[in-house]
>>> print(open('structure-v9.pdb').read())   # PDB, C-alpha atoms
MODEL        1
ATOM      1  CA  MET A 281      51.256  33.338 -21.676
ATOM      2  CA  MET A 282      53.747  36.064 -22.425
ATOM      3  CA  ASP A 283      55.465  37.192 -25.628
ATOM      4  CA  ILE A 284      58.939  38.622 -25.179
ATOM      5  CA  GLU A 285      60.622  40.475 -28.025
ATOM      6  CA  ARG A 286      64.023  42.136 -28.029
ATOM      7  CA  SER A 287      65.034  45.004 -30.312
ATOM      8  CA  ASP A 288      68.670  46.112 -30.373
ATOM      9  CA  ILE A 289      68.603  49.898 -30.653
ATOM     10  CA  ASP A 290      72.361  50.480 -30.802
ATOM     11  CA  PRO A 291      75.477  48.463 -29.893
ATOM     12  CA  ALA A 292      74.940  49.161 -26.186
ATOM     13  CA  MET A 293      71.162  49.323 -25.793
ATOM     14  CA  ALA A 294      68.225  46.988 -26.241
ATOM     15  CA  VAL A 295      64.498  47.365 -25.681
ATOM     16  CA  ILE A 296      62.664  44.276 -24.461
ATOM     17  CA  ARG A 297      58.891  44.287 -24.935
ATOM     18  CA  CYS A 298      56.785  42.013 -22.730
ATOM     19  CA  ARG A 299      53.194  41.274 -23.728
ATOM     20  CA  GLY A 300      50.936  39.383 -21.360
ATOM     21  CA  ARG A 301      51.262  38.263 -17.756
ATOM     22  CA  LEU A 302      54.652  38.366 -16.122
ATOM     23  CA  ASN A 303      54.204  35.631 -13.509
ATOM     24  CA  MET A 304      56.264  32.640 -12.365
ATOM     25  CA  VAL A 305      55.640  30.904 -15.687
ATOM     26  CA  ALA A 306      56.984  33.796 -17.771
ATOM     27  CA  ALA A 307      59.672  35.174 -15.452
ATOM     28  CA  PRO A 308      62.453  32.702 -16.411
ATOM     29  CA  ALA A 309      62.097  33.633 -20.110
ATOM     30  CA  LEU A 310      62.408  37.348 -19.373
ATOM     31  CA  ARG A 311      65.395  36.691 -17.137
ATOM     32  CA  ALA A 312      67.069  34.682 -19.910
ATOM     33  CA  CYS A 313      66.316  37.365 -22.510
ATOM     34  CA  ILE A 314      67.878  40.098 -20.352
ATOM     35  CA  GLU A 315      70.925  37.961 -19.579
ATOM     36  CA  GLN A 316      71.466  37.211 -23.256
ATOM     37  CA  SER A 317      71.161  40.881 -24.131
ATOM     38  CA  VAL A 318      73.779  41.847 -21.543
ATOM     39  CA  ASP A 319      76.070  38.967 -22.537
ATOM     40  CA  GLU A 320      75.941  40.207 -26.136
ATOM     41  CA  GLY A 321      77.028  43.699 -25.081
ATOM     42  CA  HIS A 322      73.661  45.439 -24.890
ATOM     43  CA  THR A 323      74.120  46.329 -21.252
ATOM     44  CA  ARG A 324      71.627  49.201 -21.283
ATOM     45  CA  VAL A 325      68.273  47.482 -21.185
ATOM     46  CA  VAL A 326      64.859  49.133 -21.322
ATOM     47  CA  VAL A 327      61.955  46.823 -20.478
ATOM     48  CA  ASP A 328      58.769  48.076 -22.136
ATOM     49  CA  LEU A 329      55.834  47.068 -19.923
ATOM     50  CA  ALA A 330      53.083  48.847 -21.871
ATOM     51  CA  ARG A 331      51.410  45.546 -22.665
ATOM     52  CA  THR A 332      52.286  43.728 -19.466
ATOM     53  CA  SER A 333      48.875  43.332 -17.872
ATOM     54  CA  PHE A 334      50.104  41.702 -14.666
ATOM     55  CA  ILE A 335      53.242  41.206 -12.616
ATOM     56  CA  ASP A 336      53.896  39.099  -9.525
ATOM     57  CA  SER A 337      56.872  38.671  -7.204
ATOM     58  CA  SER A 338      58.534  36.273  -9.663
ATOM     59  CA  GLY A 339      58.277  38.886 -12.400
ATOM     60  CA  LEU A 340      59.723  41.514 -10.081
ATOM     61  CA  GLY A 341      62.532  39.073  -9.273
ATOM     62  CA  SER A 342      63.385  38.721 -12.956
ATOM     63  CA  LEU A 343      63.601  42.520 -13.319
ATOM     64  CA  ILE A 344      65.778  42.860 -10.197
ATOM     65  CA  GLY A 345      67.991  39.999 -11.401
ATOM     66  CA  GLY A 346      68.286  41.698 -14.777
ATOM     67  CA  LEU A 347      69.154  45.017 -13.152
ATOM     68  CA  LYS A 348      71.951  43.378 -11.168
ATOM     69  CA  LYS A 349      73.255  41.557 -14.226
ATOM     70  CA  ALA A 350      73.284  44.776 -16.273
ATOM     71  CA  ARG A 351      74.990  46.736 -13.502
ATOM     72  CA  GLN A 352      77.675  44.098 -13.143
ATOM     73  CA  ALA A 353      78.426  44.586 -16.848
ATOM     74  CA  GLY A 354      78.642  48.376 -16.467
ATOM     75  CA  GLY A 355      75.121  49.103 -17.719
ATOM     76  CA  SER A 356      71.700  49.301 -16.154
ATOM     77  CA  LEU A 357      68.065  48.293 -16.585
ATOM     78  CA  ARG A 358      65.102  50.626 -16.748
ATOM     79  CA  ILE A 359      61.388  50.041 -17.006
ATOM     80  CA  ALA A 360      58.911  52.092 -19.023
ATOM     81  CA  GLU A 361      55.170  52.491 -19.611
ATOM     82  CA  ALA A 362      54.125  50.285 -16.709
ATOM     83  CA  THR A 363      50.398  49.634 -16.353
ATOM     84  CA  ASP A 364      48.374  50.357 -13.186
ATOM     85  CA  GLN A 365      48.732  46.912 -11.609
ATOM     86  CA  VAL A 366      52.494  46.936 -12.173
ATOM     87  CA  LEU A 367      52.834  50.459 -10.760
ATOM     88  CA  ASN A 368      50.785  49.476  -7.702
ATOM     89  CA  VAL A 369      52.925  46.426  -6.980
ATOM     90  CA  LEU A 370      56.152  48.400  -7.464
ATOM     91  CA  ARG A 371      54.931  51.067  -5.056
ATOM     92  CA  LEU A 372      53.679  48.630  -2.417
ATOM     93  CA  THR A 373      57.043  46.835  -2.363
ATOM     94  CA  ASN A 374      59.053  50.103  -2.488
ATOM     95  CA  LEU A 375      60.738  48.714  -5.574
ATOM     96  CA  ASP A 376      59.831  51.904  -7.431
ATOM     97  CA  ARG A 377      62.930  53.324  -5.722
ATOM     98  CA  VAL A 378      65.135  50.650  -7.282
ATOM     99  CA  LEU A 379      63.294  50.418 -10.610
ATOM    100  CA  ARG A 380      62.032  53.940 -11.206
ATOM    101  CA  PRO A 381      59.146  53.775 -13.689
ATOM    102  CA  HIS A 382      59.740  55.869 -16.811
ATOM    103  CA  VAL A 383      56.704  57.242 -18.592
ATOM    104  CA  THR A 384      57.853  56.333 -22.101
ATOM    105  CA  VAL A 385      60.447  54.055 -23.677
ATOM    106  CA  GLU A 386      61.882  57.124 -25.385
ATOM    107  CA  GLU A 387      62.413  58.884 -22.054
ATOM    108  CA  ALA A 388      63.933  55.750 -20.534
ATOM    109  CA  SER A 389      66.330  55.494 -23.459
ATOM    110  CA  ARG A 390      67.982  58.863 -22.789
ATOM    111  CA  GLY A 391      70.719  60.005 -20.385
ATOM    112  CA  TRP A 392      72.276  56.759 -19.225
TER
ATOM    113  CA  MET B 103      24.838  40.169 -12.595
ATOM    114  CA  VAL B 104      25.586  43.750 -11.607
ATOM    115  CA  GLY B 105      25.381  44.212  -7.847
ATOM    116  CA  GLU B 106      24.345  40.635  -7.161
ATOM    117  CA  PRO B 107      26.479  38.356  -4.984
ATOM    118  CA  ALA B 108      28.156  35.645  -7.022
ATOM    119  CA  VAL B 109      30.373  32.634  -6.377
ATOM    120  CA  TYR B 110      33.091  31.302  -8.646
ATOM    121  CA  VAL B 111      35.076  28.103  -8.177
ATOM    122  CA  VAL B 112      38.140  26.723  -9.930
ATOM    123  CA  GLU B 113      40.008  23.604  -8.902
ATOM    124  CA  GLY B 114      42.708  21.236 -10.073
ATOM    125  CA  VAL B 115      46.294  20.183  -9.444
ATOM    126  CA  ALA B 116      48.670  22.935  -8.362
ATOM    127  CA  VAL B 117      51.125  23.186 -11.243
ATOM    128  CA  PRO B 118      52.506  26.304 -12.990
ATOM    129  CA  ASN B 119      49.898  26.228 -15.755
ATOM    130  CA  SER B 120      47.160  26.482 -13.109
ATOM    131  CA  LEU B 121      47.969  30.168 -12.852
ATOM    132  CA  ASP B 122      46.398  30.840 -16.255
ATOM    133  CA  LEU B 123      43.113  29.340 -15.028
ATOM    134  CA  LEU B 124      43.165  31.678 -12.036
ATOM    135  CA  HIS B 125      43.992  34.719 -14.172
ATOM    136  CA  ASP B 126      41.212  33.772 -16.593
ATOM    137  CA  LEU B 127      38.750  33.420 -13.715
ATOM    138  CA  MET B 128      39.557  36.956 -12.603
ATOM    139  CA  ASP B 129      39.033  38.223 -16.145
ATOM    140  CA  ARG B 130      35.619  36.539 -16.168
ATOM    141  CA  VAL B 131      34.651  38.147 -12.872
ATOM    142  CA  GLY B 132      35.547  41.541 -14.343
ATOM    143  CA  VAL B 133      33.345  40.933 -17.382
ATOM    144  CA  ASP B 134      30.433  39.650 -15.253
ATOM    145  CA  HIS B 135      30.734  42.491 -12.727
ATOM    146  CA  PRO B 136      31.570  45.781 -14.419
ATOM    147  CA  ASP B 137      30.554  47.496 -11.161
ATOM    148  CA  VAL B 138      33.624  46.026  -9.413
ATOM    149  CA  GLN B 139      36.487  48.525  -9.538
ATOM    150  CA  ASN B 140      39.387  47.366 -11.698
ATOM    151  CA  GLU B 141      41.841  48.118  -8.925
ATOM    152  CA  ASP B 142      39.958  45.974  -6.395
ATOM    153  CA  LEU B 143      39.858  43.039  -8.770
ATOM    154  CA  SER B 144      43.468  43.378  -9.911
ATOM    155  CA  MET B 145      44.716  43.634  -6.326
ATOM    156  CA  LEU B 146      42.788  40.512  -5.325
ATOM    157  CA  GLU B 147      44.171  38.810  -8.437
ATOM    158  CA  THR B 148      47.664  39.843  -7.329
ATOM    159  CA  ALA B 149      47.155  38.190  -3.941
ATOM    160  CA  VAL B 150      45.597  35.034  -5.394
ATOM    161  CA  ILE B 151      48.488  34.572  -7.831
ATOM    162  CA  GLU B 152      51.079  35.131  -5.088
ATOM    163  CA  ILE B 153      49.469  32.616  -2.732
ATOM    164  CA  ALA B 154      48.877  30.106  -5.523
ATOM    165  CA  GLY B 155      52.451  30.638  -6.743
ATOM    166  CA  ASN B 156      53.722  29.858  -3.247
ATOM    167  CA  LEU B 157      51.645  26.697  -3.248
ATOM    168  CA  ILE B 158      52.958  25.631  -6.656
ATOM    169  CA  GLU B 159      56.549  26.279  -5.607
ATOM    170  CA  HIS B 160      56.503  25.038  -2.023
ATOM    171  CA  GLY B 161      53.495  22.671  -1.814
ATOM    172  CA  ARG B 162      54.462  19.094  -1.011
ATOM    173  CA  PRO B 163      54.362  16.505  -2.403
ATOM    174  CA  SER B 164      55.414  18.630  -5.341
ATOM    175  CA  GLY B 165      53.150  18.404  -8.396
ATOM    176  CA  CYS B 166      50.608  16.265  -6.531
ATOM    177  CA  VAL B 167      48.745  18.862  -4.471
ATOM    178  CA  ASP B 168      45.076  19.545  -5.256
ATOM    179  CA  TYR B 169      43.751  23.055  -4.847
ATOM    180  CA  ARG B 170      40.350  24.733  -4.890
ATOM    181  CA  LEU B 171      39.747  28.449  -5.123
ATOM    182  CA  ARG B 172      36.352  29.847  -4.206
ATOM    183  CA  LEU B 173      35.818  33.499  -5.017
ATOM    184  CA  ASP B 174      32.856  35.439  -3.644
ATOM    185  CA  VAL B 175      31.821  38.768  -5.106
ATOM    186  CA  LEU B 176      29.878  40.521  -2.355
ATOM    187  CA  SER B 177      28.425  43.986  -2.065
ATOM    188  CA  ASP B 178      31.153  45.215   0.272
ATOM    189  CA  ARG B 179      34.110  42.962  -0.520
ATOM    190  CA  LEU B 180      35.786  40.386  -2.721
ATOM    191  CA  GLU B 181      36.737  37.249  -0.868
ATOM    192  CA  GLY B 182      38.946  34.386  -2.003
ATOM    193  CA  LEU B 183      39.347  31.097  -0.196
ATOM    194  CA  LEU B 184      42.204  28.958  -1.460
ATOM    195  CA  ALA B 185      42.413  25.457   0.006
ATOM    196  CA  ASP B 186      44.972  22.781  -0.822
ATOM    197  CA  SER B 187      45.596  19.161   0.097
ATOM    198  CA  GLY B 188      49.329  19.582   0.671
ATOM    199  CA  GLU B 189      51.461  19.121   3.745
ATOM    200  CA  PRO B 190      51.517  21.912   6.335
ATOM    201  CA  LEU B 191      53.501  24.854   5.011
ATOM    202  CA  PRO B 192      56.916  25.446   6.572
ATOM    203  CA  ILE B 193      57.094  28.581   8.662
ATOM    204  CA  THR B 194      59.641  30.173   6.302
ATOM    205  CA  VAL B 195      57.002  30.268   3.565
ATOM    206  CA  LEU B 196      54.674  32.246   5.820
ATOM    207  CA  ASP B 197      57.189  34.980   6.549
ATOM    208  CA  GLY B 198      55.918  38.348   5.313
ATOM    209  CA  SER B 199      58.930  40.455   6.283
ATOM    210  CA  ALA B 200      60.542  42.698   3.686
ATOM    211  CA  PRO B 201      63.642  41.319   1.975
ATOM    212  CA  ASP B 202      66.687  43.323   0.927
ATOM    213  CA  PRO B 203      65.739  45.789  -1.875
ATOM    214  CA  LEU B 204      67.897  43.907  -4.387
ATOM    215  CA  SER B 205      66.698  40.466  -3.346
ATOM    216  CA  GLU B 206      65.168  38.525  -6.238
ATOM    217  CA  ASP B 207      62.641  36.597  -4.165
ATOM    218  CA  GLY B 208      60.830  36.498  -0.825
ATOM    219  CA  ARG B 209      58.164  39.110  -1.583
ATOM    220  CA  GLY B 210      55.121  36.918  -2.246
ATOM    221  CA  ILE B 211      53.453  37.045   1.165
ATOM    222  CA  LEU B 212      54.474  40.664   1.619
ATOM    223  CA  ILE B 213      52.684  41.622  -1.597
ATOM    224  CA  ALA B 214      49.576  39.605  -0.710
ATOM    225  CA  GLN B 215      49.393  41.316   2.679
ATOM    226  CA  ALA B 216      49.859  44.742   1.129
ATOM    227  CA  VAL B 217      47.051  44.431  -1.422
ATOM    228  CA  LEU B 218      44.500  42.851   0.935
ATOM    229  CA  ASP B 219      42.543  44.039   3.943
ATOM    230  CA  GLU B 220      42.709  40.563   5.464
ATOM    231  CA  LEU B 221      44.952  37.569   4.884
ATOM    232  CA  VAL B 222      44.540  34.563   7.167
ATOM    233  CA  TYR B 223      46.348  31.230   6.917
ATOM    234  CA  GLU B 224      44.950  28.209   8.723
ATOM    235  CA  ARG B 225      46.045  24.625   8.876
ATOM    236  CA  THR B 226      43.185  22.200   9.380
ATOM    237  CA  GLU B 227      43.518  18.455   9.701
ATOM    238  CA  HIS B 228      43.930  17.787   5.985
ATOM    239  CA  ALA B 229      44.288  21.156   4.300
ATOM    240  CA  ASN B 230      46.000  24.510   4.153
ATOM    241  CA  THR B 231      43.542  27.367   3.706
ATOM    242  CA  TRP B 232      44.128  30.997   2.873
ATOM    243  CA  ARG B 233      41.333  33.539   3.306
ATOM    244  CA  MET B 234      41.902  36.667   1.263
ATOM    245  CA  VAL B 235      39.649  39.699   1.663
ATOM    246  CA  ARG B 236      39.734  42.877  -0.374
ATOM    247  CA  ARG B 237      37.114  45.442   0.702
ATOM    248  CA  ARG B 238      35.541  47.189  -2.257
ATOM    249  CA  ARG B 239      36.588  50.842  -2.565
TER
ENDMDL
END
>>> encode(input="structure-v9.pdb", output="structure tokens")
Amino acid sequence: MMDIERSDIDPAMAVIRCRGRLNMVAAPALRACIEQSVDEGHTRVVVDLARTSFIDSSGLGSLIGGLKKARQAGGSLRIAEATDQVLNVLRLTNLDRVLRPHVTVEEASRGW
Amino acid sequence: MVGEPAVYVVEGVAVPNSLDLLHDLMDRVGVDHPDVQNEDLSMLETAVIEIAGNLIEHGRPSGCVDYRLRLDVLSDRLEGLLADSGEPLPITVLDGSAPDPLSEDGRGILIAQAVLDELVYERTEHANTWRMVRRRR
């Protein structure tokens, strides 16, 4: 199970916190949350993965889909505070070049 | 339990909620075997969830495929054997080549291969089997 919570930081930016396992069961909900955020004008999206204990290819797909959606709207998507398993999977798939892991949400929130 | 070989089994119908059972099994192995490195266990878990996810998504007849995962904790390796009663998998599902960087799918087998030392698919008369080996670091 995964809890997904969105906080709108300013009119253009939102932080989405994911707690739990980001697998094929949870990925559609994250995708929908990101899409709604972008549709409502929060096109700069930071996904806080501090409490995401696990990610699989479906979870990665939802982040990539969200990145594309945000870019199409003139924004972007960043990830922050990824745990070891998430960092490993990002590195092994070379997706750390597309979704560069930020150390903190605060760092990810600066310099868009 | 520390240092002793152990066998774990979980089985059922391959549906999305099965993934929680597999995750929970891995958590239990970690509690039972604190000597197993977290990274070894989490990388095997990554492979198991990818292969099981493929089965849930592509296994036919959809929603009616039985699976059985046997997990062995051995002194030198962790070994998973996932068997299912489904039809033979189409060749496209077995493709482990890297997709476009902005592709949203097609990475499951690639990830499983990357986190394991051995990944072998076999089709027997009535089952698909995946042997997944992660050598202990």
>>> atom_distance(input="structure-v9.pdb", atom1="atom CA of B:Asn119", atom2="atom CA of B:Pro192")
23.4 Å
>>> resolve_selection(input="structure-v9.pdb", expression="the PyMOL selection byres ((chain A) within 10 of (chain B))", output="VMD selection string")
chain A and resid 281 301 303 to 306 333 to 348 364 to 366 368 to 370 372 to 375 377 to 378
>>> atom_distance(input="structure-v9.pdb", atom1="atom CA of A:Ala309", atom2="atom CA of A:Val327")
13.2 Å
>>> residues_around(input="structure-v9.pdb", residues="B:His135", least_positions_apart="6", cutoff="12 Å", atoms="only C-alpha atoms", output="ChimeraX atom specification")
/B:103-109,128-129,142-143,174-177,180
>>> residues_around(input="structure-v9.pdb", residues="A:Ala360", least_positions_apart="4", cutoff="12 Å", atoms="all atoms listed in the file", output="PyMOL selection string")
chain A and resi 295-298+325-332+366-367+376+379-390
>>> residues_around(input="structure-v9.pdb", residues="B:Leu171", least_positions_apart="2", cutoff="7 Å", atoms="all atoms listed in the file", output="number ranges by chain")
B: 111-113, 169, 173, 182-185
>>> write_last_selection(input="structure-v9.pdb", atoms="C-alpha atoms", output="PDB file, keeping the file's coordinate frame")
ATOM      1  CA  VAL B 111      35.076  28.103  -8.177  1.00  0.00           C
ATOM      2  CA  VAL B 112      38.140  26.723  -9.930  1.00  0.00           C
ATOM      3  CA  GLU B 113      40.008  23.604  -8.902  1.00  0.00           C
ATOM      4  CA  TYR B 169      43.751  23.055  -4.847  1.00  0.00           C
ATOM      5  CA  LEU B 173      35.818  33.499  -5.017  1.00  0.00           C
ATOM      6  CA  GLY B 182      38.946  34.386  -2.003  1.00  0.00           C
ATOM      7  CA  LEU B 183      39.347  31.097  -0.196  1.00  0.00           C
ATOM      8  CA  LEU B 184      42.204  28.958  -1.460  1.00  0.00           C
ATOM      9  CA  ALA B 185      42.413  25.457   0.006  1.00  0.00           C
TER      10      ALA B 185
END
>>> atom_distance(input="structure-v9.pdb", atom1="atom CA of A:Arg324", atom2="atom CA of A:Thr363")
21.8 Å
>>> resolve_selection(input="structure-v9.pdb", expression="the PyMOL selection byres ((chain B and resi 162) around 9)", output="list in words")
Leu157, Ile158, Glu159, His160, Gly161, Pro163, Ser164, Gly165, Cys166, Val167, Ser187, Gly188, Glu189, Pro190 and Leu191 of chain B
>>> resolve_selection(input="structure-v9.pdb", expression="the PyMOL selection byres ((chain B and resi 230-232) around 6)", output="PyMOL selection string")
chain B and resi 183-186+222-225+229+233
>>> closest_residue(input="structure-v9.pdb", among="A:Ile284, A:Ala292, A:Ala362, A:Ala307", to="A:His322", atoms="all atoms listed in the file")
A:Ala292
>>> closest_residue(input="structure-v9.pdb", among="A:Ala294, A:Leu302, A:Asp283, A:Arg351", to="A:Ser317", atoms="all atoms listed in the file")
A:Ala294
>>> closest_residue(input="structure-v9.pdb", among="A:Ile289, A:Arg371, A:Lys349, A:Gly391", to="A:Ala312", atoms="all atoms listed in the file")
A:Lys349
